[in-house]
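Undergrad: Structure in structure tokens, see below.
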Amino acid sequence: MTQFTDAPIFDADQHMYETADALVKYLPEKYSRAVQFAQIGRHTRIVINNRVNDFIPNPTFERVAAPGAHEKFFAGENTEGLTLREMQGPAIEAPAATRNPVDRIAELDRQGVVEALNYPTLASLIEHATADDPQLSLAVIHALNQWMAEHWTFNYADRIFSTPIINLSEVDGAQRELEYILDNGAKVALIKPGPVRGLHGWRSPALPEFDPFWRDVEAAGLPIVLHASYPPLDDYVGQWEPPHTQNFMAQSAFRWMVLGHREISDMIASLICHGTLTRFPKLRIASVENGSSWIEPLFKDFGDLYQKMPQNFPEHPHDVFRRNIWVSPFWEGCVSDVVATVGWDRVLFGSDYPHPEGLAEPKGFWKYAEGMDVRRTYDFMGDNARRFMGLPIANPDPDAVRPPALSHA
């Protein structure tokens, strides 16, 4: 079968590179010394609450790795045994399309992409670095959202949907941020997958105390993305081996192995076990850039647990997952992993452009495609993301070749 490749693309995983003032332009004066950039040797580092963070090697993004520079590593084709740094080659100036919406539209046209979700890059470290000060977390996140609303807007030309962040360390603060982003036209929001630290210590954001926030999200019909972020288990791994660096590109094999995708699996388990998705069944949640290999073990564990503790689940956990959760696997991952458990209508395409671990070109995915008929190609490459976002689909014949329903197996 010749792969159909003409379905209009909705890329559910693209990113911006923030400008140097993104975190500080709107930060209240009392926090002005809490977030700074420092020159350490030849490198610029971000310093939050007097702690240097090097998770993102160049937080001003003046020079970056080329889009797709790490493709061979993530495709499992690193036959020369190169490190990520060796593989990526010389740094380049950040592409203009990563810095503003006008140039991004031109790049989407060149890529053959119709719509895209556009995530901030610095968001992956902020909440981890400020976790010991919930008020600072809320302030920095709000400052970044204000910058994003001004610099990108949350909906540019109905094609670029930039994702403001909601920090859940305080329920009232999360509700205020939700109100702000909705007032400024947000069509989707970003939440870090993992427990949150607030006035009452660490806890799951799916506990009933957070219901006022989730009730507001459901009432607004706002889709929520759980995007890969700074691993919440990083401190735990540091108990096994010296955490000589936080730098993503210098992580050890042990760190890669242990961290895996535990945070997203635990987050989804929390949303189901703690009942959020049953109390608010219209919530739409997407896992993006968290892979897909965690789904089958989670489904198995849910199936076993439901047989042992059915009284703890008003609904079968598989039904809840399939009703409320969408998944964008890694571009090099196995789409069928998602399809076999969750279903064709819940799998999303994402390129991770312009990150080095992403694809240089979204259409480069066809090199790794497993073979899809026309209906499934429309779904995966765009229409499922449009359904998640509540937008009109592109397939002129959406009822053709409809996949069969899945059982609890």
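Ligands are numbered from 1 in the order shown, residues from 1 within each chain, and chains are lettered A, B, ... in the order they appear in the structure tokens.
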Please identify the strand (DSSP E or B) residues within stretch 221-366 of chain A (assignment by DSSP from backbone atoms) and present them as a PDB file with N, CA and C atoms, in the first residue's frame.
TA:
ATOM      1  N   ILE A 224      -6.467  20.618  27.913  1.00  0.00           N
ATOM      2  CA  ILE A 224      -5.261  20.723  28.729  1.00  0.00           C
ATOM      3  C   ILE A 224      -4.199  19.773  28.188  1.00  0.00           C
ATOM      4  N   VAL A 225      -2.980  20.288  28.025  1.00  0.00           N
ATOM      5  CA  VAL A 225      -1.852  19.470  27.583  1.00  0.00           C
ATOM      6  C   VAL A 225      -0.920  19.199  28.752  1.00  0.00           C
ATOM      7  N   LEU A 226      -0.541  17.931  28.906  1.00  0.00           N
ATOM      8  CA  LEU A 226       0.494  17.527  29.850  1.00  0.00           C
ATOM      9  C   LEU A 226       1.744  17.245  29.028  1.00  0.00           C
ATOM     10  N   HIS A 227       2.639  18.209  28.959  1.00  0.00           N
ATOM     11  CA  HIS A 227       3.829  18.075  28.126  1.00  0.00           C
ATOM     12  C   HIS A 227       5.017  17.648  28.974  1.00  0.00           C
ATOM     13  N   ILE A 285      -7.748  15.889  28.006  1.00  0.00           N
ATOM     14  CA  ILE A 285      -6.361  15.913  28.452  1.00  0.00           C
ATOM     15  C   ILE A 285      -5.487  15.246  27.396  1.00  0.00           C
ATOM     16  N   ALA A 286      -4.394  15.883  27.014  1.00  0.00           N
ATOM     17  CA  ALA A 286      -3.470  15.289  26.044  1.00  0.00           C
ATOM     18  C   ALA A 286      -2.085  15.133  26.660  1.00  0.00           C
ATOM     19  N   SER A 287      -1.508  13.969  26.467  1.00  0.00           N
ATOM     20  CA  SER A 287      -0.109  13.737  26.816  1.00  0.00           C
ATOM     21  C   SER A 287       0.733  13.974  25.572  1.00  0.00           C
ATOM     22  N   VAL A 288       1.697  14.895  25.671  1.00  0.00           N
ATOM     23  CA  VAL A 288       2.519  15.257  24.511  1.00  0.00           C
ATOM     24  C   VAL A 288       4.001  15.115  24.864  1.00  0.00           C
ATOM     25  N   ILE A 325      -8.480  10.997  27.473  1.00  0.00           N
ATOM     26  CA  ILE A 325      -7.051  11.177  27.215  1.00  0.00           C
ATOM     27  C   ILE A 325      -6.709  11.020  25.731  1.00  0.00           C
ATOM     28  N   TRP A 326      -5.930  11.962  25.213  1.00  0.00           N
ATOM     29  CA  TRP A 326      -5.303  11.872  23.900  1.00  0.00           C
ATOM     30  C   TRP A 326      -3.803  11.690  24.124  1.00  0.00           C
ATOM     31  N   VAL A 327      -3.115  11.084  23.179  1.00  0.00           N
ATOM     32  CA  VAL A 327      -1.678  10.849  23.329  1.00  0.00           C
ATOM     33  C   VAL A 327      -0.946  11.189  22.037  1.00  0.00           C
ATOM     34  N   SER A 328       0.108  12.002  22.162  1.00  0.00           N
ATOM     35  CA  SER A 328       1.021  12.231  21.050  1.00  0.00           C
ATOM     36  C   SER A 328       2.309  11.485  21.366  1.00  0.00           C
ATOM     37  N   VAL A 347      -4.952   9.426  19.044  1.00  0.00           N
ATOM     38  CA  VAL A 347      -3.519   9.528  18.814  1.00  0.00           C
ATOM     39  C   VAL A 347      -3.224  10.766  17.970  1.00  0.00           C
ATOM     40  N   TYR A 353       9.314  20.174  16.528  1.00  0.00           N
ATOM     41  CA  TYR A 353      10.066  21.261  15.895  1.00  0.00           C
ATOM     42  C   TYR A 353      10.079  22.465  16.829  1.00  0.00           C
TER      43      TYR A 353
END
Undergrad: I want to know what sits within 9 Å of stretch 393-399 of chain A, based on only C-alpha atoms, with residues of the same chain fewer than 6 positions away left out; could you give that as a ChimeraX atom specification?
TA: /A:7-8,375,378-379,382-387
Undergrad: List as JSON, numbers by chain the protein and nucleic acid residues near A:Ser270, meaning an atom at most 10 Å away when only C-alpha atoms are counted, but skip any in the same chain fewer than 5 places from it.
TA: {"A": [194, 195, 204, 205, 206, 207, 264, 265, 275, 276, 277]}
Undergrad: With N, CA and C atoms retained, export the selected residues as a JSON list (two decimals), in the first residue's frame.
TA:
[["chain", "number", "residue", "atom", "x", "y", "z"],
["A", 194, "GLY", "N", 2.81, 16.00, 37.14],
["A", 194, "GLY", "CA", 3.53, 15.69, 38.37],
["A", 194, "GLY", "C", 2.84, 16.30, 39.57],
["A", 195, "PRO", "N", 3.25, 15.92, 40.75],
["A", 195, "PRO", "CA", 2.68, 16.51, 41.96],
["A", 195, "PRO", "C", 3.07, 17.98, 42.07],
["A", 204, "SER", "N", -1.07, 15.51, 44.97],
["A", 204, "SER", "CA", -1.58, 15.33, 43.61],
["A", 204, "SER", "C", -2.53, 16.45, 43.24],
["A", 205, "PRO", "N", -2.41, 17.00, 42.02],
["A", 205, "PRO", "CA", -3.36, 18.02, 41.58],
["A", 205, "PRO", "C", -4.71, 17.45, 41.19],
["A", 206, "ALA", "N", -4.89, 16.13, 41.39],
["A", 206, "ALA", "CA", -6.17, 15.51, 41.08],
["A", 206, "ALA", "C", -6.99, 15.23, 42.34],
["A", 207, "LEU", "N", -6.51, 15.64, 43.48],
["A", 207, "LEU", "CA", -7.27, 15.44, 44.71],
["A", 207, "LEU", "C", -8.49, 16.36, 44.73],
["A", 264, "ILE", "N", 4.48, 10.87, 33.59],
["A", 264, "ILE", "CA", 3.19, 10.94, 32.89],
["A", 264, "ILE", "C", 2.30, 9.78, 33.29],
["A", 265, "SER", "N", 2.87, 8.61, 33.46],
["A", 265, "SER", "CA", 2.07, 7.46, 33.90],
["A", 265, "SER", "C", 1.44, 7.73, 35.25],
["A", 275, "GLY", "N", -10.02, 10.36, 40.90],
["A", 275, "GLY", "CA", -11.40, 10.62, 40.50],
["A", 275, "GLY", "C", -11.68, 11.89, 39.73],
["A", 276, "THR", "N", -10.65, 12.68, 39.40],
["A", 276, "THR", "CA", -10.92, 13.93, 38.69],
["A", 276, "THR", "C", -11.67, 13.71, 37.39],
["A", 277, "LEU", "N", -11.25, 12.71, 36.61],
["A", 277, "LEU", "CA", -11.85, 12.51, 35.29],
["A", 277, "LEU", "C", -13.23, 11.87, 35.36]]
Undergrad: Which one is closest to A:Thr341: A:Asp183, A:Asp158, A:Asp11, A:Asp319? Count only C-alpha atoms.
TA: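 Of A:Asp183, A:Asp158, A:Asp11, A:Asp319, the one nearest A:Thr341, counting only C-alpha atoms, is A:Asp319.
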Undergrad: Determine which residues of stretch 144-349 of chain A DSSP labels as alpha helix (DSSP H) from the backbone of this structure, then write them out as a PyMOL selection string.
TA: chain A and resi 144-151+171-183+211-220+234-237+253-259+262-273+276-279+295-308+317-324+335-341
Undergrad: Quick one: of A:Ala131, A:Val237, A:Met389, A:Ile105, who's nearest to A:Leu283, counting only C-alpha atoms?
TA: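 That would be A:Met389, the residue with the smallest distance to A:Leu283.
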Undergrad: I'd like the neighbourhood of A:Gly112 as a list in words, where a residue qualifies if any of its atoms comes within 9 Å (using only C-alpha atoms), though same-chain residues fewer than 2 positions away should be ignored.
TA: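 Residues meeting the cut-off are Pro8, Ile9, Glu107, Leu108, Asp109, Arg110, Val114, Pro362 and Lys363 of chain A.
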Undergrad: Considering only C-alpha atoms, state which residue in the set A:Pro57, A:Leu178, A:Glu170, A:Asp103 is at the smallest distance from A:Arg203.
TA: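 Ranked by minimum distance to A:Arg203, first place goes to A:Glu170.
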Undergrad: Looking at only C-alpha atoms, which of A:Ile48, A:Ala340, A:Ala129, A:Met16 is the one that sits closest to A:Ile295?
TA: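 Closest candidate: A:Ala340.
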Undergrad: So which one's closest to A:Ala12, A:Asn290, A:Thr377, A:Asn118, A:Ser137? Using only C-alpha atoms, please.
TA: A:Asn118
Undergrad: I need the residue nearest A:Ala228 from this list: A:Ala149, A:Ala369, A:Ile40, A:Leu125. Use only C-alpha atoms for the distance.
TA: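 Comparing A:Ala149, A:Ala369, A:Ile40, A:Leu125 against A:Ala228, the winner is A:Leu125.
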Undergrad: Could you please determine the separation between atom CA of A:Phe302 and atom CA of A:Pro317 in Å, to one decimal place?
TA: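 Separation between atom CA of A:Phe302 and atom CA of A:Pro317: 6.2 Å.
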Undergrad: Separation of atom CA of A:Gly238 and atom CA of A:His128, in Å?
TA: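 Value for the atom CA of A:Gly238-atom CA of A:His128 distance: 14.8 Å.
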Undergrad: Report, in Å to a single decimal, how far apart atom CA of A:Phe313 and atom CA of A:Thr278 are.
TA: 9.0 Å
Undergrad: Hey, what's within 12 Å of A:Ala157 if we count only C-alpha atoms and toss same-chain stuff fewer than 4 positions away? As a VMD selection string, please?
TA: chain A and resid 101 to 102 104 to 105 114 to 116 152 to 153 161 to 162 185
